[in-house]
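This is entry_28.pdb (PDB, C-alpha atoms and all ligand atoms).
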```
ATOM      1  CA  MET A   1     -29.791  30.309  26.297
ATOM      2  CA  PHE A   2     -30.499  29.682  22.580
ATOM      3  CA  SER A   3     -32.312  32.388  20.651
ATOM      4  CA  GLY A   4     -35.486  31.701  18.689
ATOM      5  CA  LYS A   5     -33.623  32.882  15.587
ATOM      6  CA  LEU A   6     -30.870  30.284  16.023
ATOM      7  CA  LEU A   7     -33.350  27.474  16.593
ATOM      8  CA  GLU A   8     -35.332  28.590  13.552
ATOM      9  CA  LYS A   9     -32.162  28.649  11.432
ATOM     10  CA  LEU A  10     -31.182  25.183  12.656
ATOM     11  CA  SER A  11     -34.664  23.839  12.084
ATOM     12  CA  SER A  12     -34.532  24.762   8.388
ATOM     13  CA  ALA A  13     -30.787  24.131   7.864
ATOM     14  CA  THR A  14     -29.598  21.504   5.399
ATOM     15  CA  ALA A  15     -25.881  22.123   5.838
ATOM     16  CA  VAL A  16     -24.219  22.846   9.176
ATOM     17  CA  VAL A  17     -20.480  23.411   9.533
ATOM     18  CA  VAL A  18     -18.414  23.686  12.697
ATOM     19  CA  LEU A  19     -14.907  25.130  12.969
ATOM     20  CA  THR A  20     -13.172  24.026  16.149
ATOM     21  CA  GLY A  21     -10.034  25.153  17.932
ATOM     22  CA  ALA A  22      -8.030  24.257  21.011
ATOM     23  CA  GLY A  23     -10.807  25.425  23.392
ATOM     24  CA  THR A  24     -12.944  22.489  22.213
ATOM     25  CA  SER A  25     -10.371  20.083  23.644
ATOM     26  CA  ALA A  26      -9.577  22.148  26.757
ATOM     27  CA  GLU A  27     -12.093  20.262  28.884
ATOM     28  CA  SER A  28     -10.346  17.014  27.909
ATOM     29  CA  GLY A  29      -7.157  18.386  29.478
ATOM     30  CA  VAL A  30      -5.343  19.382  26.268
ATOM     31  CA  PRO A  31      -3.732  22.798  26.814
ATOM     32  CA  THR A  32      -4.755  25.692  24.534
ATOM     33  CA  PHE A  33      -2.172  27.884  22.809
ATOM     34  CA  ARG A  34      -3.081  31.380  23.972
ATOM     35  CA  GLY A  35      -4.295  32.829  27.259
ATOM     36  CA  ASN A  36      -2.521  32.687  30.618
ATOM     37  CA  GLU A  37      -2.161  28.909  30.707
ATOM     38  CA  GLY A  38      -1.537  28.629  26.947
ATOM     39  CA  LEU A  39       1.364  26.660  25.440
ATOM     40  CA  TRP A  40       2.711  29.746  23.647
ATOM     41  CA  LYS A  41       3.146  31.474  27.032
ATOM     42  CA  LYS A  42       5.640  28.821  28.115
ATOM     43  CA  PHE A  43       7.169  27.707  24.803
ATOM     44  CA  LYS A  44       8.410  29.595  21.753
ATOM     45  CA  PRO A  45       6.583  28.540  18.573
ATOM     46  CA  ASP A  46       9.559  29.426  16.351
ATOM     47  CA  GLU A  47      11.733  26.952  18.293
ATOM     48  CA  LEU A  48       9.212  24.096  18.248
ATOM     49  CA  ALA A  49       6.601  24.431  15.527
ATOM     50  CA  ASP A  50       8.890  25.353  12.680
ATOM     51  CA  PHE A  51      10.641  23.302   9.970
ATOM     52  CA  ASP A  52      13.964  25.163  10.230
ATOM     53  CA  ALA A  53      13.964  24.645  13.994
ATOM     54  CA  PHE A  54      13.384  20.912  13.395
ATOM     55  CA  ILE A  55      16.363  20.679  11.024
ATOM     56  CA  LYS A  56      18.525  22.630  13.474
ATOM     57  CA  ASN A  57      17.517  20.676  16.540
ATOM     58  CA  PRO A  58      15.404  17.627  15.611
ATOM     59  CA  ASP A  59      15.690  16.019  19.038
ATOM     60  CA  LEU A  60      14.345  19.085  20.869
ATOM     61  CA  VAL A  61      11.351  19.399  18.508
ATOM     62  CA  TRP A  62      10.685  15.656  18.593
ATOM     63  CA  GLU A  63      10.849  15.603  22.390
ATOM     64  CA  TRP A  64       8.184  18.315  22.565
ATOM     65  CA  TYR A  65       5.916  16.431  20.180
ATOM     66  CA  ALA A  66       6.589  13.135  21.980
ATOM     67  CA  TYR A  67       5.359  14.843  25.172
ATOM     68  CA  ARG A  68       2.236  16.116  23.399
ATOM     69  CA  LYS A  69       1.616  12.738  21.714
ATOM     70  CA  LYS A  70       1.690  11.044  25.110
ATOM     71  CA  LEU A  71      -0.559  13.676  26.694
ATOM     72  CA  ILE A  72      -3.101  13.400  23.871
ATOM     73  CA  ALA A  73      -3.033   9.573  23.867
ATOM     74  CA  ASP A  74      -3.928   9.668  27.560
ATOM     75  CA  VAL A  75      -6.931  12.034  27.334
ATOM     76  CA  ARG A  76     -10.475  11.304  26.209
ATOM     77  CA  PRO A  77     -13.026  13.224  24.153
ATOM     78  CA  ASN A  78     -15.223  15.501  26.276
ATOM     79  CA  PRO A  79     -18.966  16.291  26.078
ATOM     80  CA  ALA A  80     -18.309  18.922  23.374
ATOM     81  CA  HIS A  81     -16.803  16.305  21.032
ATOM     82  CA  TYR A  82     -19.599  13.825  21.731
ATOM     83  CA  ALA A  83     -22.278  16.500  21.202
ATOM     84  CA  LEU A  84     -20.788  17.353  17.793
ATOM     85  CA  ALA A  85     -20.784  13.665  16.842
ATOM     86  CA  GLU A  86     -24.493  13.595  17.784
ATOM     87  CA  MET A  87     -25.235  16.758  15.797
ATOM     88  CA  GLU A  88     -23.815  15.088  12.695
ATOM     89  CA  LYS A  89     -26.757  12.674  12.794
ATOM     90  CA  LEU A  90     -29.326  15.490  12.906
ATOM     91  CA  PHE A  91     -28.468  17.282   9.668
ATOM     92  CA  GLN A  92     -28.373  16.233   6.038
ATOM     93  CA  GLU A  93     -24.887  17.705   5.609
ATOM     94  CA  PHE A  94     -22.589  18.234   8.560
ATOM     95  CA  ALA A  95     -18.831  18.774   8.736
ATOM     96  CA  VAL A  96     -16.347  19.482  11.481
ATOM     97  CA  ILE A  97     -13.380  21.550  10.350
ATOM     98  CA  THR A  98     -10.730  21.443  13.019
ATOM     99  CA  GLN A  99      -7.491  23.233  13.740
ATOM    100  CA  ASN A 100      -6.800  20.611  16.389
ATOM    101  CA  ILE A 101      -4.318  17.831  15.771
ATOM    102  CA  ASP A 102      -5.530  15.616  18.614
ATOM    103  CA  ASN A 103      -7.926  13.359  16.674
ATOM    104  CA  LEU A 104     -10.526  13.717  19.461
ATOM    105  CA  HIS A 105     -13.415  14.453  17.063
ATOM    106  CA  ARG A 106     -12.911  11.121  15.301
ATOM    107  CA  ARG A 107     -12.411   9.325  18.599
ATOM    108  CA  ALA A 108     -15.797  10.737  19.717
ATOM    109  CA  GLY A 109     -17.476   9.392  16.570
ATOM    110  CA  SER A 110     -17.556  12.324  14.129
ATOM    111  CA  ALA A 111     -17.274  10.907  10.621
ATOM    112  CA  ARG A 112     -16.733  13.972   8.441
ATOM    113  CA  VAL A 113     -13.731  15.786   9.878
ATOM    114  CA  TYR A 114     -11.460  18.098   7.893
ATOM    115  CA  GLU A 115      -8.102  18.521   9.621
ATOM    116  CA  LEU A 116      -6.510  21.826   8.694
ATOM    117  CA  HIS A 117      -3.392  21.510  10.853
ATOM    118  CA  GLY A 118      -2.694  17.784  10.525
ATOM    119  CA  ASN A 119      -2.923  14.926  13.004
ATOM    120  CA  ILE A 120      -0.432  14.137  15.759
ATOM    121  CA  GLU A 121      -1.114  10.405  15.432
ATOM    122  CA  ARG A 122       0.567  10.389  11.997
ATOM    123  CA  ASN A 123       4.223  10.948  11.074
ATOM    124  CA  TYR A 124       6.235  10.869   7.875
ATOM    125  CA  CYS A 125       9.815  10.731   6.659
ATOM    126  CA  ILE A 126      10.897  14.126   5.305
ATOM    127  CA  LYS A 127      13.146  12.410   2.729
ATOM    128  CA  CYS A 128      11.074   9.619   1.167
ATOM    129  CA  GLY A 129       7.584  10.392   2.514
ATOM    130  CA  ARG A 130       7.010   6.982   4.141
ATOM    131  CA  TRP A 131       4.185   7.144   6.694
ATOM    132  CA  TYR A 132       4.481   6.014  10.302
ATOM    133  CA  ARG A 133       1.842   5.656  13.014
ATOM    134  CA  ASN A 134       2.824   6.592  16.567
ATOM    135  CA  ASP A 135       2.820   2.944  17.618
ATOM    136  CA  GLU A 136       5.460   2.190  14.969
ATOM    137  CA  LEU A 137       7.881   4.630  16.586
ATOM    138  CA  THR A 138       9.466   4.813  19.977
ATOM    139  CA  LEU A 139       8.279   8.064  21.491
ATOM    140  CA  ALA A 140      11.699   8.626  23.014
ATOM    141  CA  THR A 141      13.539  11.903  23.287
ATOM    142  CA  SER A 142      15.532  11.614  20.049
ATOM    143  CA  ALA A 143      14.004  12.105  16.605
ATOM    144  CA  PRO A 144      13.436   8.739  14.893
ATOM    145  CA  ARG A 145      14.898   7.859  11.502
ATOM    146  CA  CYS A 146      13.206   6.210   8.543
ATOM    147  CA  VAL A 147      13.827   2.453   8.263
ATOM    148  CA  ASP A 148      14.034   2.763   4.456
ATOM    149  CA  CYS A 149      16.210   5.820   3.885
ATOM    150  CA  GLN A 150      17.402   7.026   7.300
ATOM    151  CA  GLY A 151      15.636  10.367   6.734
ATOM    152  CA  LEU A 152      14.281  12.280   9.712
ATOM    153  CA  ILE A 153      10.704  11.490  10.704
ATOM    154  CA  ARG A 154       8.454  14.410  11.621
ATOM    155  CA  PRO A 155       4.912  14.580  12.984
ATOM    156  CA  ASP A 156       2.227  15.235  10.353
ATOM    157  CA  VAL A 157       1.304  18.624  11.757
ATOM    158  CA  VAL A 158       1.369  22.008  10.063
ATOM    159  CA  TRP A 159       4.156  24.240  11.300
ATOM    160  CA  PHE A 160       4.383  28.018  11.059
ATOM    161  CA  GLY A 161       4.949  29.205   7.517
ATOM    162  CA  GLU A 162       3.805  25.887   6.017
ATOM    163  CA  LEU A 163       0.864  25.496   3.668
ATOM    164  CA  LEU A 164      -2.274  23.765   4.903
ATOM    165  CA  PRO A 165      -2.999  20.330   3.388
ATOM    166  CA  ALA A 166      -4.536  21.395   0.069
ATOM    167  CA  GLU A 167      -7.342  18.858  -0.165
ATOM    168  CA  GLN A 168      -8.505  19.383   3.426
ATOM    169  CA  TRP A 169      -8.472  23.136   2.882
ATOM    170  CA  GLU A 170     -10.508  22.888  -0.329
ATOM    171  CA  LEU A 171     -13.095  20.653   1.323
ATOM    172  CA  ALA A 172     -13.288  23.002   4.320
ATOM    173  CA  ASP A 173     -13.615  26.074   2.113
ATOM    174  CA  ARG A 174     -16.348  24.477  -0.011
ATOM    175  CA  ALA A 175     -18.286  23.264   3.041
ATOM    176  CA  SER A 176     -18.050  26.722   4.668
ATOM    177  CA  ARG A 177     -19.362  28.505   1.584
ATOM    178  CA  ASN A 178     -22.221  26.009   1.376
ATOM    179  CA  ALA A 179     -23.206  26.214   5.080
ATOM    180  CA  ASP A 180     -26.613  27.426   6.237
ATOM    181  CA  VAL A 181     -25.378  27.666   9.821
ATOM    182  CA  PHE A 182     -21.675  27.972  10.715
ATOM    183  CA  PHE A 183     -20.378  27.511  14.271
ATOM    184  CA  SER A 184     -16.942  28.719  15.411
ATOM    185  CA  ILE A 185     -16.138  26.912  18.653
ATOM    186  CA  GLY A 186     -13.247  27.310  21.094
ATOM    187  CA  THR A 187     -10.934  29.143  18.741
ATOM    188  CA  SER A 188      -9.320  32.540  19.242
ATOM    189  CA  ALA A 189     -10.182  33.122  15.552
ATOM    190  CA  ILE A 190      -6.909  34.875  14.791
ATOM    191  CA  VAL A 191      -4.843  32.257  12.943
ATOM    192  CA  TYR A 192      -5.314  32.469   9.184
ATOM    193  CA  PRO A 193      -6.361  30.986   6.858
ATOM    194  CA  ALA A 194      -8.647  29.022   9.241
ATOM    195  CA  ALA A 195      -9.959  32.301  10.688
ATOM    196  CA  SER A 196     -11.182  33.337   7.229
ATOM    197  CA  LEU A 197     -13.682  30.452   7.039
ATOM    198  CA  PRO A 198     -16.440  32.071   9.148
ATOM    199  CA  LEU A 199     -16.039  35.237   7.040
ATOM    200  CA  ARG A 200     -16.343  33.235   3.813
ATOM    201  CA  ALA A 201     -19.392  31.445   5.217
ATOM    202  CA  LYS A 202     -20.992  34.772   6.183
ATOM    203  CA  GLU A 203     -20.334  36.229   2.710
ATOM    204  CA  SER A 204     -22.182  33.225   1.293
ATOM    205  CA  GLY A 205     -25.196  33.837   3.518
ATOM    206  CA  ALA A 206     -24.584  31.507   6.485
ATOM    207  CA  TYR A 207     -25.812  32.314   9.988
ATOM    208  CA  ILE A 208     -22.649  32.600  12.130
ATOM    209  CA  VAL A 209     -22.616  31.449  15.750
ATOM    210  CA  GLU A 210     -19.620  31.622  18.044
ATOM    211  CA  ILE A 211     -19.247  29.508  21.176
ATOM    212  CA  ASN A 212     -16.261  30.529  23.268
ATOM    213  CA  ALA A 213     -15.176  31.035  26.860
ATOM    214  CA  GLU A 214     -14.558  34.706  26.017
ATOM    215  CA  THR A 215     -15.094  37.191  23.220
ATOM    216  CA  THR A 216     -12.783  37.094  20.179
ATOM    217  CA  PRO A 217     -12.321  39.218  17.049
ATOM    218  CA  LEU A 218     -15.123  37.134  15.515
ATOM    219  CA  SER A 219     -17.654  38.052  18.214
ATOM    220  CA  ASP A 220     -18.704  41.317  16.540
ATOM    221  CA  ILE A 221     -18.953  39.689  13.131
ATOM    222  CA  ALA A 222     -20.950  36.643  14.271
ATOM    223  CA  HIS A 223     -24.750  36.831  14.345
ATOM    224  CA  GLU A 224     -24.641  35.331  17.837
ATOM    225  CA  SER A 225     -21.891  34.874  20.371
ATOM    226  CA  LEU A 226     -22.500  32.403  23.190
ATOM    227  CA  ILE A 227     -20.041  32.847  26.036
ATOM    228  CA  GLY A 228     -19.315  29.724  28.058
ATOM    229  CA  LYS A 229     -17.743  26.295  27.957
ATOM    230  CA  ALA A 230     -18.224  24.272  24.789
ATOM    231  CA  GLY A 231     -18.614  21.101  26.871
ATOM    232  CA  GLU A 232     -21.620  22.631  28.626
ATOM    233  CA  ILE A 233     -23.286  24.597  25.802
ATOM    234  CA  LEU A 234     -23.113  21.938  23.058
ATOM    235  CA  PRO A 235     -24.796  19.075  24.974
ATOM    236  CA  ARG A 236     -27.624  21.513  25.871
ATOM    237  CA  LEU A 237     -27.943  22.480  22.218
ATOM    238  CA  VAL A 238     -28.183  18.815  21.198
ATOM    239  CA  ASP A 239     -30.956  18.269  23.767
ATOM    240  CA  VAL A 240     -32.896  21.241  22.381
ATOM    241  CA  LEU A 241     -32.392  20.043  18.790
ATOM    242  CA  ARG A 242     -33.578  16.535  19.620
ATOM    243  CA  LYS A 243     -36.696  17.956  21.257
ATOM    244  CA  GLN A 244     -37.236  20.207  18.244
ATOM    245  CA  ARG A 245     -37.051  17.150  15.939
ATOM    246  CA  THR A 246     -39.474  15.167  18.111
ATOM    247  CA  ASP A 247     -41.947  18.085  18.152
ATOM    248  CA  GLU A 248     -41.660  18.471  14.363
ATOM    249  CA  ASN A 249     -42.269  14.759  13.825
ATOM    250  CA  GLN A 250     -45.403  14.909  15.965
ATOM    251  CA  LYS A 251     -46.905  17.784  13.937
TER     252      LYS A 251
HETATM  253  P1  LIG B 301      -6.125  29.318  21.015
HETATM  254  O1  LIG B 301      -5.367  28.819  22.181
HETATM  255  O2  LIG B 301      -5.587  30.482  20.279
HETATM  256  O3  LIG B 301      -7.603  29.712  21.471
HETATM  257  C1  LIG B 301      -8.386  28.878  22.245
HETATM  258  C2  LIG B 301      -9.730  29.560  22.452
HETATM  259  O4  LIG B 301     -10.572  28.656  23.158
HETATM  260  C3  LIG B 301      -9.676  30.848  23.268
HETATM  261  O5  LIG B 301     -10.411  31.859  22.581
HETATM  262  C4  LIG B 301     -10.359  30.475  24.592
HETATM  263  O6  LIG B 301     -11.118  31.552  25.114
HETATM  264  C5  LIG B 301     -11.281  29.359  24.153
HETATM  265  N1  LIG B 301     -11.623  28.370  25.188
HETATM  266  C6  LIG B 301     -10.835  27.864  26.167
HETATM  267  N2  LIG B 301     -11.491  26.910  26.857
HETATM  268  C7  LIG B 301     -12.739  26.819  26.316
HETATM  269  C8  LIG B 301     -13.888  25.999  26.575
HETATM  270  N3  LIG B 301     -13.884  25.098  27.545
HETATM  271  N4  LIG B 301     -14.983  26.168  25.798
HETATM  272  C9  LIG B 301     -14.995  27.110  24.808
HETATM  273  N5  LIG B 301     -13.932  27.890  24.515
HETATM  274  C10 LIG B 301     -12.821  27.745  25.245
HETATM  275  O7  LIG B 301      -6.371  28.058  20.051
HETATM  276  P2  LIG B 301      -6.752  28.019  18.511
HETATM  277  O8  LIG B 301      -7.685  29.100  18.144
HETATM  278  O9  LIG B 301      -7.153  26.639  18.200
HETATM  279  O10 LIG B 301      -1.687  26.269  15.078
HETATM  280  O11 LIG B 301      -5.347  28.299  17.841
HETATM  281  C11 LIG B 301      -5.241  28.264  16.444
HETATM  282  C12 LIG B 301      -3.888  27.746  16.036
HETATM  283  O12 LIG B 301      -2.861  28.500  16.689
HETATM  284  C13 LIG B 301      -3.602  26.312  16.468
HETATM  285  O13 LIG B 301      -4.152  25.352  15.617
HETATM  286  C14 LIG B 301      -2.110  26.269  16.450
HETATM  287  C15 LIG B 301      -1.814  27.595  17.127
HETATM  288  O14 LIG B 301      -0.595  28.155  16.851
HETATM  289  C16 LIG B 301      -0.619  25.557  14.706
HETATM  290  O15 LIG B 301       0.059  24.931  15.487
HETATM  291  C17 LIG B 301      -0.367  25.604  13.227
END
```
Re-express the file's structure as structure tokens.
Amino acid sequence: MFSGKLLEKLSSATAVVVLTGAGTSAESGVPTFRGNEGLWKKFKPDELADFDAFIKNPDLVWEWYAYRKKLIADVRPNPAHYALAEMEKLFQEFAVITQNIDNLHRRAGSARVYELHGNIERNYCIKCGRWYRNDELTLATSAPRCVDCQGLIRPDVVWFGELLPAEQWELADRASRNADVFFSIGTSAIVYPAASLPLRAKESGAYIVEINAETTPLSDIAHESLIGKAGEILPRLVDVLRKQRTDENQK
């Protein structure tokens, strides 16, 4: 399943970077965005993931996020998340860059995680900027108000047309350009600027590997494209890497 070239690249790699998308959390039971069962088939992004829509109808937007907050609080990391947390221990430099807002990489034990689209466990007041954790708010159907200034509280997630968090983006960009091996996992690889990271990594000489349930626009650009479930492929890769390390230590 893993080519000799990939194992060779990983054996000599100092820096490994992984970009993850909704497919990485699919096996935990978090719905993806695209595809037949995707959220954007049933819901309209411009009515729910959009600042103007929030101002127009804060309760509707909040209700949708309250539903997703509850769903995400009730799921657990899957073998893909745990395998990535294990991989972090095997390389000198390792970073997970995620488009997911579900915090499942951290819950699985990954330490270096760059969140490009925010984190659904955090919220802030749009007027004064005060931060709120989910457990400080009632996840009811109406949008909560700030205790200090009565401003509307929104989830700390990136909506359409909004800029990515600058520091997280810079760290992700730097890590991608510095990567020896770059994995793109469970993402349709079409939402920019996240989708530009594998291209930047390739320009800088990284070996690009895609792991996805199906082909994507990145498949032809990647050096290797592994088709299958992340929760099955990644644990197998960790097993092979561990064996590789043991064999190297015995030489
Ligand atoms: P998508 O829903 O666009 O793509 C999910 C990808 O995961 C698809 O290519 C699936 O084939 C693949 N997939 C599904 N299950 C899988 C599995 N078990 N193992 C491996 N791959 C699997 O999700 P993203 O690419 O993350 O942005 O979407 C990017 C952004 O678009 C999201 O962050 C969100 C959305 O609009 C914002 O909300 C700002």
With all atoms of ligand LIG 301 (chain B) from the file as input, state the centre and edge lengths in Å to one decimal of the axis-aligned box that has 5 Å extra on each side, as AutoDock Vina command-line options.
```
--center_x -7.5 --center_y 28.4 --center_z 20.4 --size_x 25.1 --size_y 16.9 --size_z 24.3
```
Surrounding residues of segment 204-216 of chain A excluding itself and chain neighbours under 4 positions, 7 Å, all atoms listed in the file, as a PDB file with C-alpha atoms, in the coordinates of the input:
```
ATOM      1  CA  ARG A 177     -19.362  28.505   1.584  1.00  0.00           C
ATOM      2  CA  ALA A 179     -23.206  26.214   5.080  1.00  0.00           C
ATOM      3  CA  ASP A 180     -26.613  27.426   6.237  1.00  0.00           C
ATOM      4  CA  VAL A 181     -25.378  27.666   9.821  1.00  0.00           C
ATOM      5  CA  PHE A 182     -21.675  27.972  10.715  1.00  0.00           C
ATOM      6  CA  PHE A 183     -20.378  27.511  14.271  1.00  0.00           C
ATOM      7  CA  SER A 184     -16.942  28.719  15.411  1.00  0.00           C
ATOM      8  CA  ILE A 185     -16.138  26.912  18.653  1.00  0.00           C
ATOM      9  CA  GLY A 186     -13.247  27.310  21.094  1.00  0.00           C
ATOM     10  CA  SER A 188      -9.320  32.540  19.242  1.00  0.00           C
ATOM     11  CA  ALA A 189     -10.182  33.122  15.552  1.00  0.00           C
ATOM     12  CA  PRO A 198     -16.440  32.071   9.148  1.00  0.00           C
ATOM     13  CA  ARG A 200     -16.343  33.235   3.813  1.00  0.00           C
ATOM     14  CA  ALA A 222     -20.950  36.643  14.271  1.00  0.00           C
ATOM     15  CA  HIS A 223     -24.750  36.831  14.345  1.00  0.00           C
ATOM     16  CA  GLU A 224     -24.641  35.331  17.837  1.00  0.00           C
ATOM     17  CA  SER A 225     -21.891  34.874  20.371  1.00  0.00           C
ATOM     18  CA  LEU A 226     -22.500  32.403  23.190  1.00  0.00           C
ATOM     19  CA  ILE A 227     -20.041  32.847  26.036  1.00  0.00           C
ATOM     20  CA  GLY A 228     -19.315  29.724  28.058  1.00  0.00           C
ATOM     21  CA  LYS A 229     -17.743  26.295  27.957  1.00  0.00           C
ATOM     22  CA  ALA A 230     -18.224  24.272  24.789  1.00  0.00           C
TER      23      ALA A 230
END
```
_As a quick test: using only C-alpha atoms and all ligand atoms, which residues lie no more than 9 Å away from ligand LIG 301 (chain B)? Give them as a ChimeraX atom specification._
/A:20-28,31-35,38-40,45,49,80,98-101,116-118,157-162,164,185-192,194-195,211-216,227-233
*Starting from the displayed file, determine the output of the PyMOL selection byres (((chain A and resi 138-152) around 9) and not hetatm) and express the residue list as a VMD selection string.*
chain A and resid 55 58 to 67 69 to 70 124 to 128 130 132 134 to 137 153 to 154
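Near segment 239-242 of chain A, within a cut-off of 9 Å and counting all atoms listed in the file, sit the residues A:Phe2, A:Leu7, A:Leu10, A:Ser11, A:Met87, A:Leu90, A:Leu234, A:Pro235, A:Thr246, A:Asp247, with same-chain residues fewer than 4 positions away left out.
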*Might you pull out every residue within 12 Å of Gly29 of chain A, with all atoms listed in the file counted and same-chain residues fewer than 6 positions away left off, and present them as a ChimeraX atom specification?*
/A:22-23,37-38,68,71-78,102,104
_Point-to-point distance from atom CA of Ala85 of chain A to atom CA of Gln244 of chain A, Å rounded to tenths_ = 17.8 Å
*Given the choices A:Asp156, A:Val96, A:His81, A:Arg107, which gets closest to Asn123 of chain A if the distance is worked out from all atoms listed in the file?*
A:Asp156
*Tell me which of A:Phe43, A:Trp169, A:Tyr82, A:Phe54 sits closest to Tyr114 of chain A, counting only C-alpha atoms.*
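Looking only at the distances to Tyr114 of chain A, the closest residue turns out to be A:Trp169.
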*Which distance in Å separates atom CA of Leu84 of chain A and atom CA of Leu218 of chain A, to one decimal?*
20.7 Å
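Taking atom CA of Glu121 of chain A as the reference point, atom CA of Glu170 of chain A is found at 22.2 Å.
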*For Thr14 of chain A, which of A:Ala111, A:Leu199, A:Val30, A:Ala175 is the closest residue, counting all atoms listed in the file?*
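Residue with the minimum atom-to-atom distance to Thr14 of chain A: A:Ala175.
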N, CA and C atoms for segment 2-15 of chain A, written as a short mmCIF file (atom, residue, chain, number, x, y, z; two decimals), keeping the file's coordinate frame, could you do that?
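Saved the output as selection_17.cif:
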```cif
data_model
loop_
_atom_site.label_atom_id
_atom_site.label_comp_id
_atom_site.auth_asym_id
_atom_site.auth_seq_id
_atom_site.Cartn_x
_atom_site.Cartn_y
_atom_site.Cartn_z
N PHE A 2 -30.57 29.65 24.05
CA PHE A 2 -30.50 29.68 22.58
C PHE A 2 -31.63 30.55 22.04
N SER A 3 -31.30 31.46 21.16
CA SER A 3 -32.31 32.39 20.65
C SER A 3 -33.29 31.67 19.73
N GLY A 4 -34.49 32.23 19.62
CA GLY A 4 -35.49 31.70 18.69
C GLY A 4 -34.95 31.71 17.27
N LYS A 5 -34.18 32.75 16.94
CA LYS A 5 -33.62 32.88 15.59
C LYS A 5 -32.68 31.72 15.28
N LEU A 6 -31.81 31.39 16.25
CA LEU A 6 -30.87 30.28 16.02
C LEU A 6 -31.63 28.96 15.85
N LEU A 7 -32.62 28.74 16.68
CA LEU A 7 -33.35 27.47 16.59
C LEU A 7 -34.13 27.39 15.28
N GLU A 8 -34.64 28.54 14.85
CA GLU A 8 -35.33 28.59 13.55
C GLU A 8 -34.35 28.27 12.42
N LYS A 9 -33.19 28.89 12.46
CA LYS A 9 -32.16 28.65 11.43
C LYS A 9 -31.77 27.17 11.41
N LEU A 10 -31.60 26.60 12.60
CA LEU A 10 -31.18 25.18 12.66
C LEU A 10 -32.30 24.25 12.21
N SER A 11 -33.52 24.68 12.47
CA SER A 11 -34.66 23.84 12.08
C SER A 11 -34.78 23.73 10.56
N SER A 12 -34.41 24.81 9.85
CA SER A 12 -34.53 24.76 8.39
C SER A 12 -33.20 24.46 7.70
N ALA A 13 -32.11 24.29 8.48
CA ALA A 13 -30.79 24.13 7.86
C ALA A 13 -30.61 22.76 7.22
N THR A 14 -30.02 22.76 6.03
CA THR A 14 -29.60 21.50 5.40
C THR A 14 -28.13 21.24 5.75
N ALA A 15 -27.33 22.30 5.65
CA ALA A 15 -25.88 22.12 5.84
C ALA A 15 -25.39 22.91 7.05
#
```
